[in-house]
file start_18.cif (mmCIF, C-alpha atoms and all ligand atoms)
data_model
loop_
_atom_site.label_atom_id
_atom_site.label_comp_id
_atom_site.auth_asym_id
_atom_site.auth_seq_id
_atom_site.Cartn_x
_atom_site.Cartn_y
_atom_site.Cartn_z
CA MET A 516 -32.74 9.17 -3.47
CA ALA A 517 -33.98 11.72 -6.03
CA ASP A 518 -32.62 11.48 -9.57
CA SER A 519 -31.28 15.01 -9.18
CA VAL A 520 -28.35 13.56 -7.21
CA LEU A 521 -26.53 10.47 -8.42
CA TYR A 522 -24.67 8.28 -5.94
CA GLU A 523 -22.23 5.59 -6.93
CA VAL A 524 -19.60 3.67 -4.95
CA ASP A 525 -16.76 2.01 -6.80
CA GLY A 526 -13.56 0.68 -5.28
CA GLY A 527 -13.69 2.79 -2.12
CA LEU A 528 -14.67 5.98 -3.94
CA ALA A 529 -18.16 7.44 -3.64
CA THR A 530 -19.11 9.80 -6.45
CA VAL A 531 -21.92 12.23 -5.69
CA THR A 532 -23.14 14.05 -8.78
CA PHE A 533 -25.53 17.00 -9.04
CA ASN A 534 -27.87 15.93 -11.82
CA ARG A 535 -30.28 18.76 -12.67
CA PRO A 536 -28.42 20.08 -15.71
CA GLU A 537 -31.59 21.67 -17.10
CA ALA A 538 -31.69 23.85 -13.95
CA MET A 539 -27.91 24.39 -13.71
CA ASN A 540 -28.02 22.00 -10.75
CA ALA A 541 -29.93 24.52 -8.65
CA LEU A 542 -30.81 23.20 -5.22
CA ASP A 543 -34.51 22.49 -4.88
CA THR A 544 -35.75 20.65 -1.81
CA ALA A 545 -35.52 17.18 -3.34
CA THR A 546 -31.93 17.84 -4.45
CA LYS A 547 -30.89 19.18 -1.06
CA GLU A 548 -32.39 16.21 0.74
CA ALA A 549 -30.78 13.74 -1.65
CA LEU A 550 -27.41 15.49 -1.38
CA ARG A 551 -27.58 15.54 2.42
CA ASP A 552 -28.51 11.86 2.54
CA ALA A 553 -25.85 10.84 0.01
CA LEU A 554 -23.10 12.64 1.90
CA ARG A 555 -24.19 11.18 5.22
CA GLU A 556 -24.23 7.73 3.64
CA ALA A 557 -20.72 8.24 2.23
CA GLY A 558 -19.42 9.63 5.51
CA GLY A 559 -20.73 6.71 7.53
CA ASP A 560 -19.86 3.87 5.16
CA PRO A 561 -16.51 2.31 6.16
CA ALA A 562 -16.13 0.95 2.62
CA VAL A 563 -16.00 4.53 1.30
CA ARG A 564 -12.52 6.03 1.65
CA ALA A 565 -12.94 9.23 -0.39
CA VAL A 566 -15.74 11.21 -2.01
CA LEU A 567 -15.92 13.04 -5.31
CA LEU A 568 -18.57 15.78 -5.58
CA THR A 569 -19.22 17.01 -9.10
CA GLY A 570 -21.98 18.10 -11.46
CA THR A 571 -23.51 17.31 -14.84
CA GLY A 572 -23.99 19.90 -17.57
CA ARG A 573 -22.50 23.38 -17.73
CA ALA A 574 -22.81 24.18 -14.02
CA PHE A 575 -21.35 22.65 -10.90
CA CYS A 576 -24.23 24.05 -8.82
CA VAL A 577 -25.80 27.53 -8.81
CA GLY A 578 -26.99 27.33 -5.20
CA GLN A 579 -30.53 27.67 -3.93
CA ASP A 580 -33.20 27.14 -6.60
CA LEU A 581 -34.57 30.67 -6.58
CA LYS A 582 -37.66 29.65 -8.53
CA GLU A 583 -38.66 27.22 -5.80
CA HIS A 584 -37.56 29.72 -3.14
CA VAL A 585 -40.02 32.32 -4.42
CA GLU A 586 -42.82 29.77 -4.13
CA VAL A 587 -41.85 29.16 -0.49
CA LEU A 588 -41.78 32.90 0.22
CA GLU A 589 -45.14 33.45 -1.49
CA ALA A 590 -46.66 30.62 0.52
CA GLY A 591 -45.54 32.48 3.65
CA GLY A 592 -43.07 29.74 4.54
CA GLY A 593 -40.25 30.52 6.94
CA MET A 594 -36.62 29.93 5.99
CA THR A 595 -35.81 26.55 7.57
CA THR A 596 -33.62 25.27 4.77
CA VAL A 597 -30.38 26.46 6.34
CA ALA A 598 -30.96 24.33 9.41
CA ASP A 599 -32.62 21.49 7.51
CA HIS A 600 -30.25 21.28 4.56
CA TYR A 601 -27.37 23.69 4.17
CA ASN A 602 -25.88 23.17 7.61
CA PRO A 603 -26.08 19.35 7.55
CA ILE A 604 -24.62 19.25 4.03
CA ALA A 605 -21.69 21.55 4.85
CA THR A 606 -21.11 19.65 8.09
CA ALA A 607 -21.09 16.29 6.30
CA ILE A 608 -18.53 17.50 3.75
CA ALA A 609 -16.25 19.24 6.21
CA THR A 610 -16.31 16.68 9.02
CA MET A 611 -16.54 13.25 7.42
CA PRO A 612 -13.35 11.35 8.30
CA LYS A 613 -12.26 10.98 4.69
CA PRO A 614 -11.20 13.38 1.94
CA VAL A 615 -13.81 15.10 -0.22
CA VAL A 616 -12.76 16.30 -3.68
CA ALA A 617 -14.87 18.86 -5.54
CA GLY A 618 -14.62 18.39 -9.29
CA VAL A 619 -15.89 21.82 -10.31
CA ASN A 620 -17.10 21.34 -13.87
CA GLY A 621 -18.65 24.79 -14.33
CA VAL A 622 -20.14 27.75 -12.52
CA ALA A 623 -20.48 27.41 -8.75
CA ALA A 624 -22.69 30.02 -7.08
CA GLY A 625 -24.05 30.67 -3.60
CA ALA A 626 -24.34 27.47 -1.62
CA GLY A 627 -22.98 25.59 -4.65
CA ALA A 628 -19.72 27.47 -4.23
CA GLY A 629 -19.98 26.99 -0.47
CA PHE A 630 -20.08 23.23 -0.82
CA ALA A 631 -17.02 23.30 -3.08
CA PHE A 632 -15.19 25.47 -0.52
CA ALA A 633 -16.12 23.02 2.26
CA ALA A 634 -14.40 20.18 0.37
CA ASP A 635 -10.80 19.27 1.10
CA TYR A 636 -9.52 19.56 -2.46
CA ARG A 637 -10.81 21.42 -5.52
CA VAL A 638 -10.05 20.57 -9.14
CA ALA A 639 -11.66 23.05 -11.51
CA ALA A 640 -12.31 23.09 -15.24
CA ASP A 641 -10.69 26.07 -16.94
CA THR A 642 -14.22 27.18 -17.84
CA ALA A 643 -15.44 27.08 -14.22
CA SER A 644 -16.12 30.14 -12.12
CA PHE A 645 -17.13 30.91 -8.56
CA THR A 646 -19.43 33.57 -7.18
CA THR A 647 -20.59 33.97 -3.61
CA ALA A 648 -23.88 35.36 -5.04
CA PHE A 649 -25.57 35.77 -1.64
CA THR A 650 -25.77 39.54 -1.36
CA GLY A 651 -27.00 39.67 -4.95
CA VAL A 652 -30.23 38.24 -3.57
CA ALA A 653 -29.96 40.16 -0.29
CA LEU A 654 -28.81 37.20 1.77
CA SER A 655 -25.78 37.02 4.05
CA ALA A 656 -23.94 33.67 3.91
CA ASP A 657 -24.60 30.01 4.47
CA SER A 658 -23.18 26.61 3.55
CA GLY A 659 -20.25 27.44 5.84
CA MET A 660 -18.89 30.05 3.48
CA SER A 661 -18.18 32.65 6.18
CA TRP A 662 -15.92 30.01 7.79
CA THR A 663 -14.34 28.37 4.76
CA LEU A 664 -13.75 31.33 2.46
CA GLN A 665 -11.66 33.38 4.87
CA ARG A 666 -9.55 30.31 5.61
CA LEU A 667 -8.92 29.82 1.90
CA VAL A 668 -8.25 33.37 0.80
CA GLY A 669 -7.93 35.47 3.98
CA TYR A 670 -10.41 37.77 5.69
CA GLY A 671 -9.91 40.74 3.38
CA ARG A 672 -10.54 38.85 0.16
CA ALA A 673 -13.40 36.90 1.73
CA ALA A 674 -15.08 40.15 2.75
CA ASP A 675 -14.56 41.55 -0.76
CA LEU A 676 -16.03 38.46 -2.45
CA LEU A 677 -19.00 38.33 -0.08
CA LEU A 678 -19.78 42.06 -0.17
CA PHE A 679 -19.23 42.43 -3.92
CA PRO A 680 -20.09 39.09 -5.57
CA ARG A 681 -18.55 38.60 -9.00
CA PRO A 682 -17.55 35.62 -11.10
CA VAL A 683 -14.02 34.55 -10.12
CA ARG A 684 -12.76 32.58 -13.08
CA ALA A 685 -10.74 29.40 -12.63
CA GLU A 686 -7.30 30.90 -13.27
CA GLU A 687 -7.91 33.74 -10.80
CA ALA A 688 -9.30 31.22 -8.32
CA LEU A 689 -6.06 29.23 -8.65
CA GLY A 690 -4.00 32.35 -8.03
CA MET A 691 -5.84 33.22 -4.84
CA GLY A 692 -5.83 29.67 -3.49
CA LEU A 693 -9.53 29.00 -3.97
CA VAL A 694 -8.78 25.89 -6.03
CA HIS A 695 -5.85 23.49 -6.10
CA ARG A 696 -5.75 22.61 -9.80
CA VAL A 697 -7.18 23.94 -13.04
CA VAL A 698 -7.44 21.59 -16.00
CA PRO A 699 -8.91 21.86 -19.51
CA ALA A 700 -12.67 21.39 -19.33
CA ALA A 701 -12.52 18.25 -21.46
CA GLU A 702 -10.16 16.67 -18.92
CA LEU A 703 -12.00 17.71 -15.73
CA ALA A 704 -13.92 14.48 -15.20
CA ALA A 705 -10.85 12.27 -15.65
CA GLU A 706 -8.53 14.49 -13.60
CA ALA A 707 -10.95 14.91 -10.69
CA LEU A 708 -11.59 11.17 -10.73
CA ALA A 709 -7.85 10.45 -10.70
CA VAL A 710 -7.29 12.72 -7.70
CA ALA A 711 -10.25 11.26 -5.82
CA ARG A 712 -9.27 7.69 -6.67
CA ARG A 713 -5.72 8.29 -5.46
CA LEU A 714 -7.12 9.50 -2.15
CA ALA A 715 -9.51 6.52 -1.99
CA GLU A 716 -6.49 4.24 -2.27
CA GLY A 717 -4.47 6.11 0.33
CA PRO A 718 -3.95 5.87 4.11
CA THR A 719 -7.51 6.72 5.21
CA VAL A 720 -6.78 6.93 8.94
CA ALA A 721 -3.95 9.39 8.30
CA TYR A 722 -6.14 11.45 5.97
CA ALA A 723 -8.85 11.62 8.62
CA GLY A 724 -6.20 12.80 11.08
CA ILE A 725 -4.96 15.49 8.66
CA LYS A 726 -8.49 16.71 8.07
CA GLU A 727 -9.29 16.85 11.77
CA ALA A 728 -5.95 18.44 12.67
CA LEU A 729 -6.34 21.20 10.08
CA ALA A 730 -9.85 22.02 11.26
CA PHE A 731 -8.77 21.94 14.88
CA GLY A 732 -5.61 23.95 14.32
CA SER A 733 -7.45 26.73 12.49
CA GLY A 734 -9.45 27.47 15.61
CA HIS A 735 -6.99 26.75 18.43
CA GLY A 736 -3.60 27.87 19.66
CA LEU A 737 -0.31 26.00 19.35
CA VAL A 738 -0.45 24.24 22.71
CA GLU A 739 -3.92 22.77 22.15
CA THR A 740 -3.07 21.93 18.55
CA LEU A 741 0.06 20.04 19.56
CA ALA A 742 -2.00 18.03 22.03
CA ARG A 743 -4.55 17.24 19.31
CA GLU A 744 -1.78 16.27 16.88
CA ASP A 745 -0.47 13.88 19.51
CA VAL A 746 -3.84 12.12 19.77
CA LEU A 747 -4.32 11.97 16.02
CA GLN A 748 -0.77 10.94 15.22
CA THR A 749 -0.94 8.20 17.84
CA ARG A 750 -4.09 6.94 16.12
CA SER A 751 -2.42 7.03 12.69
CA GLY A 752 0.64 5.34 14.12
CA ALA A 753 -1.52 2.47 15.37
CA SER A 754 -3.13 1.90 11.96
CA ALA A 755 -2.37 -1.15 9.86
CA ASP A 756 -1.58 1.15 6.94
CA HIS A 757 1.22 2.83 8.90
CA ARG A 758 2.90 -0.53 9.48
CA THR A 759 2.35 -1.47 5.84
CA ALA A 760 3.90 1.79 4.67
CA VAL A 761 6.96 1.55 6.88
CA ASP A 762 7.58 -2.09 5.90
CA ALA A 763 7.16 -1.21 2.22
CA PHE A 764 9.54 1.74 2.56
CA LEU A 765 12.23 -0.45 4.07
CA ARG A 766 11.74 -3.06 1.32
CA LYS A 767 11.79 -0.27 -1.31
CA GLU A 768 8.30 -1.30 -2.41
CA THR A 769 5.09 0.63 -3.04
CA PRO A 770 2.61 0.16 -0.20
CA VAL A 771 -0.93 -1.04 -0.83
CA PHE A 772 -3.19 0.65 1.71
CA GLU A 773 -6.32 -0.92 3.12
CA GLY A 774 -7.74 2.17 4.78
CA ARG A 775 -7.49 0.91 8.34
O1 LIG A 801 -33.71 30.06 2.12
C1 LIG A 801 -32.79 30.11 1.31
O2 LIG A 801 -32.95 29.85 0.14
C2 LIG A 801 -31.43 30.51 1.76
C3 LIG A 801 -30.36 29.79 1.07
C4 LIG A 801 -29.62 30.34 0.10
C5 LIG A 801 -28.48 29.63 -0.52
C6 LIG A 801 -28.03 30.21 -1.83
O3 LIG A 801 -27.40 29.50 -2.56
S1 LIG A 801 -28.47 31.81 -2.21
C7 LIG A 801 -27.71 32.07 -3.79
C8 LIG A 801 -28.57 31.52 -4.92
N1 LIG A 801 -27.88 31.59 -6.17
C9 LIG A 801 -27.76 32.72 -6.86
O4 LIG A 801 -28.16 33.79 -6.46
C10 LIG A 801 -27.12 32.59 -8.23
C11 LIG A 801 -28.03 33.22 -9.28
N2 LIG A 801 -27.50 32.98 -10.60
C12 LIG A 801 -26.55 33.73 -11.16
O5 LIG A 801 -26.01 34.66 -10.57
C13 LIG A 801 -26.17 33.38 -12.57
O6 LIG A 801 -27.24 32.69 -13.17
C14 LIG A 801 -24.89 32.51 -12.63
C15 LIG A 801 -23.67 33.38 -12.28
C16 LIG A 801 -24.96 31.33 -11.69
C17 LIG A 801 -24.71 31.97 -14.06
O7 LIG A 801 -24.77 33.04 -14.97
P1 LIG A 801 -24.93 32.70 -16.51
O8 LIG A 801 -24.85 34.01 -17.24
O9 LIG A 801 -23.94 31.64 -16.89
O10 LIG A 801 -26.37 32.03 -16.68
P2 LIG A 801 -27.78 32.76 -16.59
O11 LIG A 801 -28.21 33.14 -17.97
O12 LIG A 801 -27.77 33.83 -15.55
O13 LIG A 801 -28.72 31.59 -16.05
C18 LIG A 801 -29.13 30.52 -16.91
C19 LIG A 801 -30.47 30.03 -16.40
O14 LIG A 801 -30.30 29.46 -15.09
C20 LIG A 801 -31.49 31.16 -16.25
O15 LIG A 801 -32.77 30.64 -16.51
P3 LIG A 801 -33.53 30.90 -17.90
O16 LIG A 801 -33.54 32.37 -18.10
O17 LIG A 801 -32.67 30.19 -18.92
O18 LIG A 801 -34.87 30.29 -17.70
C21 LIG A 801 -31.38 31.50 -14.79
O19 LIG A 801 -32.55 32.11 -14.28
C22 LIG A 801 -31.22 30.11 -14.20
N3 LIG A 801 -30.62 30.16 -12.86
C23 LIG A 801 -29.37 30.50 -12.54
N4 LIG A 801 -29.20 30.42 -11.23
C24 LIG A 801 -30.36 30.01 -10.71
C25 LIG A 801 -31.28 29.83 -11.74
N5 LIG A 801 -32.54 29.42 -11.54
C26 LIG A 801 -32.90 29.20 -10.26
N6 LIG A 801 -32.07 29.35 -9.21
C27 LIG A 801 -30.80 29.75 -9.40
N7 LIG A 801 -29.96 29.86 -8.34
#

call {"tool": "encode", "arguments": {"input": "start_18.cif", "output": "structure tokens"}}
result
Amino acid sequence: MADSVLYEVDGGLATVTFNRPEAMNALDTATKEALRDALREAGGDPAVRAVLLTGTGRAFCVGQDLKEHVEVLEAGGGMTTVADHYNPIATAIATMPKPVVAGVNGVAAGAGAGFAFAADYRVAADTASFTTAFTGVALSADSGMSWTLQRLVGYGRAADLLLFPRPVRAEEALGMGLVHRVVPAAELAAEALAVARRLAEGPTVAYAGIKEALAFGSGHGLVETLAREDVLQTRSGASADHRTAVDAFLRKETPVFEGR
């Protein structure tokens, strides 16, 4: 894995860190490949029960590395990176059967913002900001943003933010539901870690069911969604953690979940 993405697993939590601070964590090919591989690894590893995605330096991730992109265009290369990288990365974040927390330490632009929006939970530093950026470089949308953004803030706001990209600062992002929590920048790392660790110690099967049910319900009607809830709730109800939780409740104790 390239040094531009760090991958660490500790106690059920995988931390994936953008690590090109000198380039504001812009996504060159090596970084995109490493990110895609790290997320796939985390998604498929049964020992990993939650994922924290964050960045080093003053940016979370400013999206496509436009310096490298120009080289590709000048070499006459076609645009295959959406299929090769952006789609698999967004898919891995949005569909892995475990919660993904974005610890947004600074500016998130273009696909960098898209990956944060694809996560299940966003904790942002008070100095962070988000910009869709795409139309600024005459692109439409990728990284799932046309799907995620309207679900987070509604169609009207999503259209506004995509047509007229601008920095949405953390407090405004909180107000419009783009992020779940805003914390002082100095506390971002600890707060995002605490949220992610809490999820890594939680009922993983139930979390997977919540994630799947939300995604399913946003694209289906009530009847189909109720049927899907039935399947997923039956699966959660058969988990060892469900039995543990009920027993602990009746004993007035705190359950210790094993993620199965
Ligand atoms: O085929 C495909 O590529 C399709 C896929 C596209 C996916 C995408 O993500 S497209 C969107 C790409 N991202 C952008 O368009 C964002 C461009 N950057 C900005 O709008 C601003 O830099 C920011 C809002 C992110 C931050 O602004 P600010 O004022 O804090 O910093 P700055 O001064 O603009 O930038 C600092 C440096 O970072 C600067 O370099 P320099 O002058 O110090 O050498 C700037 O050029 C560089 N930088 C920022 N973003 C990128 C970048 N370098 C390469 N790629 C970037 N995306």

call {"tool": "residues_near_ligand", "arguments": {"input": "start_18.cif", "ligand": "ligand LIG 801 (chain A)", "cutoff": "6 Å", "atoms": "only C-alpha atoms and all ligand atoms", "output": "list of chain:residue names"}}
result
A:Ala538, A:Met539, A:Ala541, A:Val577, A:Gly578, A:Gln579, A:Asp580, A:Leu581, A:Lys582, A:His584, A:Met594, A:Thr596, A:Ala624, A:Gly625, A:Ala626, A:Ala648, A:Phe649, A:Val652

call {"tool": "residues_around", "arguments": {"input": "start_18.cif", "residues": "segment 627-630 of chain A", "least_positions_apart": "5", "cutoff": "8 Å", "atoms": "only C-alpha atoms", "output": "VMD selection string"}}
result
chain A and resid 575 to 579 604 to 605 608 645 to 647 657 to 660 663

call {"tool": "write_last_selection", "arguments": {"input": "start_18.cif", "atoms": "C-alpha atoms", "output": "PDB file, keeping the file's coordinate frame"}}
result
ATOM      1  CA  PHE A 575     -21.350  22.650 -10.900  1.00  0.00           C
ATOM      2  CA  CYS A 576     -24.230  24.050  -8.820  1.00  0.00           C
ATOM      3  CA  VAL A 577     -25.800  27.530  -8.810  1.00  0.00           C
ATOM      4  CA  GLY A 578     -26.990  27.330  -5.200  1.00  0.00           C
ATOM      5  CA  GLN A 579     -30.530  27.670  -3.930  1.00  0.00           C
ATOM      6  CA  ILE A 604     -24.620  19.250   4.030  1.00  0.00           C
ATOM      7  CA  ALA A 605     -21.690  21.550   4.850  1.00  0.00           C
ATOM      8  CA  ILE A 608     -18.530  17.500   3.750  1.00  0.00           C
ATOM      9  CA  PHE A 645     -17.130  30.910  -8.560  1.00  0.00           C
ATOM     10  CA  THR A 646     -19.430  33.570  -7.180  1.00  0.00           C
ATOM     11  CA  THR A 647     -20.590  33.970  -3.610  1.00  0.00           C
ATOM     12  CA  ASP A 657     -24.600  30.010   4.470  1.00  0.00           C
ATOM     13  CA  SER A 658     -23.180  26.610   3.550  1.00  0.00           C
ATOM     14  CA  GLY A 659     -20.250  27.440   5.840  1.00  0.00           C
ATOM     15  CA  MET A 660     -18.890  30.050   3.480  1.00  0.00           C
ATOM     16  CA  THR A 663     -14.340  28.370   4.760  1.00  0.00           C
TER      17      THR A 663
END

call {"tool": "atom_distance", "arguments": {"input": "start_18.cif", "atom1": "atom CA of Val738 of chain A", "atom2": "atom CA of Pro718 of chain A"}}
result
26.4 Å

call {"tool": "residues_around", "arguments": {"input": "start_18.cif", "residues": "segment 516-520 of chain A", "least_positions_apart": "6", "cutoff": "6 Å", "atoms": "all atoms listed in the file", "output": "ChimeraX atom specification"}}
result
/A:532-535,546,549

call {"tool": "residues_around", "arguments": {"input": "start_18.cif", "residues": "Asp635 of chain A", "least_positions_apart": "2", "cutoff": "8 Å", "atoms": "all atoms listed in the file", "output": "mmCIF file with C-alpha atoms, in the frame of the given file"}}
result
data_model
loop_
_atom_site.group_PDB
_atom_site.id
_atom_site.type_symbol
_atom_site.label_atom_id
_atom_site.label_comp_id
_atom_site.auth_asym_id
_atom_site.auth_seq_id
_atom_site.Cartn_x
_atom_site.Cartn_y
_atom_site.Cartn_z
ATOM 1 C CA ALA A 609 -16.250 19.240 6.210
ATOM 2 C CA PRO A 614 -11.200 13.380 1.940
ATOM 3 C CA VAL A 615 -13.810 15.100 -0.220
ATOM 4 C CA VAL A 616 -12.760 16.300 -3.680
ATOM 5 C CA ALA A 617 -14.870 18.860 -5.540
ATOM 6 C CA PHE A 632 -15.190 25.470 -0.520
ATOM 7 C CA ALA A 633 -16.120 23.020 2.260
ATOM 8 C CA ARG A 637 -10.810 21.420 -5.520
ATOM 9 C CA LYS A 726 -8.490 16.710 8.070
#

call {"tool": "atom_distance", "arguments": {"input": "start_18.cif", "atom1": "atom CA of Tyr636 of chain A", "atom2": "atom CA of Gln748 of chain A"}}
result
21.5 Å

call {"tool": "residues_around", "arguments": {"input": "start_18.cif", "residues": "Glu702 of chain A", "least_positions_apart": "5", "cutoff": "12 Å", "atoms": "all atoms listed in the file", "output": "number ranges by chain"}}
result
A: 618-620, 638-642, 696-697, 707-709

call {"tool": "residues_around", "arguments": {"input": "start_18.cif", "residues": "Ala728 of chain A", "least_positions_apart": "6", "cutoff": "10 Å", "atoms": "only C-alpha atoms", "output": "tab-separated table (two decimals) with C-alpha atoms, keeping the file's coordinate frame"}}
result
chain	number	residue	atom	x	y	z
A	722	TYR	CA	-6.14	11.45	5.97
A	740	THR	CA	-3.07	21.93	18.55
A	741	LEU	CA	0.06	20.04	19.56
A	743	ARG	CA	-4.55	17.24	19.31
A	744	GLU	CA	-1.78	16.27	16.88
A	745	ASP	CA	-0.47	13.88	19.51
A	746	VAL	CA	-3.84	12.12	19.77
A	747	LEU	CA	-4.32	11.97	16.02
A	748	GLN	CA	-0.77	10.94	15.22

call {"tool": "atom_distance", "arguments": {"input": "start_18.cif", "atom1": "atom CA of Pro536 of chain A", "atom2": "atom CA of Arg573 of chain A"}}
result
7.1 Å

call {"tool": "residues_near_point", "arguments": {"input": "start_18.cif", "point": "(-30.3, 23.0, 2.0)", "cutoff": "9 Å", "atoms": "all atoms listed in the file", "output": "PDB file with C-alpha atoms, keeping the file's coordinate frame"}}
result
ATOM      1  CA  LEU A 542     -30.810  23.200  -5.220  1.00  0.00           C
ATOM      2  CA  ASP A 543     -34.510  22.490  -4.880  1.00  0.00           C
ATOM      3  CA  THR A 544     -35.750  20.650  -1.810  1.00  0.00           C
ATOM      4  CA  THR A 546     -31.930  17.840  -4.450  1.00  0.00           C
ATOM      5  CA  LYS A 547     -30.890  19.180  -1.060  1.00  0.00           C
ATOM      6  CA  GLU A 548     -32.390  16.210   0.740  1.00  0.00           C
ATOM      7  CA  LEU A 550     -27.410  15.490  -1.380  1.00  0.00           C
ATOM      8  CA  ARG A 551     -27.580  15.540   2.420  1.00  0.00           C
ATOM      9  CA  GLN A 579     -30.530  27.670  -3.930  1.00  0.00           C
ATOM     10  CA  THR A 595     -35.810  26.550   7.570  1.00  0.00           C
ATOM     11  CA  THR A 596     -33.620  25.270   4.770  1.00  0.00           C
ATOM     12  CA  VAL A 597     -30.380  26.460   6.340  1.00  0.00           C
ATOM     13  CA  ALA A 598     -30.960  24.330   9.410  1.00  0.00           C
ATOM     14  CA  ASP A 599     -32.620  21.490   7.510  1.00  0.00           C
ATOM     15  CA  HIS A 600     -30.250  21.280   4.560  1.00  0.00           C
ATOM     16  CA  TYR A 601     -27.370  23.690   4.170  1.00  0.00           C
ATOM     17  CA  ASN A 602     -25.880  23.170   7.610  1.00  0.00           C
ATOM     18  CA  PRO A 603     -26.080  19.350   7.550  1.00  0.00           C
ATOM     19  CA  ILE A 604     -24.620  19.250   4.030  1.00  0.00           C
ATOM     20  CA  ALA A 626     -24.340  27.470  -1.620  1.00  0.00           C
ATOM     21  CA  SER A 658     -23.180  26.610   3.550  1.00  0.00           C
TER      22      SER A 658
END

call {"tool": "closest_residue", "arguments": {"input": "start_18.cif", "among": "A:Gly570, A:Gly774, A:Gly724, A:Gly692", "to": "Gly526 of chain A", "atoms": "all atoms listed in the file"}}
result
A:Gly774

call {"tool": "closest_residue", "arguments": {"input": "start_18.cif", "among": "A:Gly593, A:Gly717, A:Gly734, A:Pro770", "to": "Gly527 of chain A", "atoms": "all atoms listed in the file"}}
result
A:Gly717

call {"tool": "closest_residue", "arguments": {"input": "start_18.cif", "among": "A:Val622, A:Ala705, A:Ala545, A:Leu667", "to": "Ala685 of chain A", "atoms": "all atoms listed in the file"}}
result
A:Val622

call {"tool": "residues_near_point", "arguments": {"input": "start_18.cif", "point": "(-15.2, 15.2, 11.7)", "cutoff": "8 Å", "atoms": "only C-alpha atoms", "output": "PDB file with C-alpha atoms, in the coordinates of the input"}}
result
ATOM      1  CA  ALA A 609     -16.250  19.240   6.210  1.00  0.00           C
ATOM      2  CA  THR A 610     -16.310  16.680   9.020  1.00  0.00           C
ATOM      3  CA  MET A 611     -16.540  13.250   7.420  1.00  0.00           C
ATOM      4  CA  PRO A 612     -13.350  11.350   8.300  1.00  0.00           C
ATOM      5  CA  ALA A 723      -8.850  11.620   8.620  1.00  0.00           C
ATOM      6  CA  LYS A 726      -8.490  16.710   8.070  1.00  0.00           C
ATOM      7  CA  GLU A 727      -9.290  16.850  11.770  1.00  0.00           C
TER       8      GLU A 727
END

call {"tool": "closest_residue", "arguments": {"input": "start_18.cif", "among": "A:Leu714, A:Ala730, A:Leu693, A:Leu654", "to": "Leu678 of chain A", "atoms": "all atoms listed in the file"}}
result
A:Leu654

call {"tool": "closest_residue", "arguments": {"input": "start_18.cif", "among": "A:Val668, A:Val531, A:Val720, A:Val698", "to": "Asp552 of chain A", "atoms": "all atoms listed in the file"}}
result
A:Val531

call {"tool": "axis_aligned_box", "arguments": {"input": "start_18.cif", "around": "segment 686-701 of chain A", "padding_each_side": "5 Å", "output": "JSON"}}
result
{"center_x": -8.3, "center_y": 26.0, "center_z": -12.5, "size_x": 18.7, "size_y": 25.5, "size_z": 28.0}

call {"tool": "closest_residue", "arguments": {"input": "start_18.cif", "among": "A:Trp662, A:Ala607, A:Lys767, A:Thr571", "to": "Glu537 of chain A", "atoms": "only C-alpha atoms"}}
result
A:Thr571

call {"tool": "decode", "arguments": {"input": "start_18.cif", "residues": "segment 742-752 of chain A", "atoms": "N, CA and C atoms", "output": "PDB file, in the first residue's frame"}}
result
ATOM      1  N   ALA A 742     -40.625  -5.340   4.194  1.00  0.00           N
ATOM      2  CA  ALA A 742     -40.167  -6.711   3.948  1.00  0.00           C
ATOM      3  C   ALA A 742     -38.662  -6.823   4.184  1.00  0.00           C
ATOM      4  N   ARG A 743     -37.930  -5.788   3.761  1.00  0.00           N
ATOM      5  CA  ARG A 743     -36.464  -5.810   3.956  1.00  0.00           C
ATOM      6  C   ARG A 743     -36.139  -5.700   5.449  1.00  0.00           C
ATOM      7  N   GLU A 744     -36.863  -4.835   6.149  1.00  0.00           N
ATOM      8  CA  GLU A 744     -36.650  -4.708   7.602  1.00  0.00           C
ATOM      9  C   GLU A 744     -36.861  -6.050   8.290  1.00  0.00           C
ATOM     10  N   ASP A 745     -37.861  -6.776   7.828  1.00  0.00           N
ATOM     11  CA  ASP A 745     -38.151  -8.088   8.417  1.00  0.00           C
ATOM     12  C   ASP A 745     -36.917  -8.996   8.299  1.00  0.00           C
ATOM     13  N   VAL A 746     -36.377  -9.066   7.087  1.00  0.00           N
ATOM     14  CA  VAL A 746     -35.198  -9.923   6.859  1.00  0.00           C
ATOM     15  C   VAL A 746     -34.037  -9.484   7.750  1.00  0.00           C
ATOM     16  N   LEU A 747     -33.806  -8.175   7.768  1.00  0.00           N
ATOM     17  CA  LEU A 747     -32.628  -7.664   8.491  1.00  0.00           C
ATOM     18  C   LEU A 747     -32.829  -7.761   9.999  1.00  0.00           C
ATOM     19  N   GLN A 748     -34.042  -7.496  10.445  1.00  0.00           N
ATOM     20  CA  GLN A 748     -34.293  -7.586  11.885  1.00  0.00           C
ATOM     21  C   GLN A 748     -34.219  -9.035  12.357  1.00  0.00           C
ATOM     22  N   THR A 749     -34.678  -9.942  11.513  1.00  0.00           N
ATOM     23  CA  THR A 749     -34.586 -11.368  11.862  1.00  0.00           C
ATOM     24  C   THR A 749     -33.120 -11.775  12.007  1.00  0.00           C
ATOM     25  N   ARG A 750     -32.290 -11.235  11.101  1.00  0.00           N
ATOM     26  CA  ARG A 750     -30.847 -11.520  11.182  1.00  0.00           C
ATOM     27  C   ARG A 750     -30.250 -10.933  12.469  1.00  0.00           C
ATOM     28  N   SER A 751     -30.610  -9.687  12.783  1.00  0.00           N
ATOM     29  CA  SER A 751     -30.096  -9.084  14.028  1.00  0.00           C
ATOM     30  C   SER A 751     -30.579  -9.856  15.243  1.00  0.00           C
ATOM     31  N   GLY A 752     -31.847 -10.271  15.173  1.00  0.00           N
ATOM     32  CA  GLY A 752     -32.433 -10.991  16.304  1.00  0.00           C
ATOM     33  C   GLY A 752     -31.783 -12.339  16.551  1.00  0.00           C
TER      34      GLY A 752
END
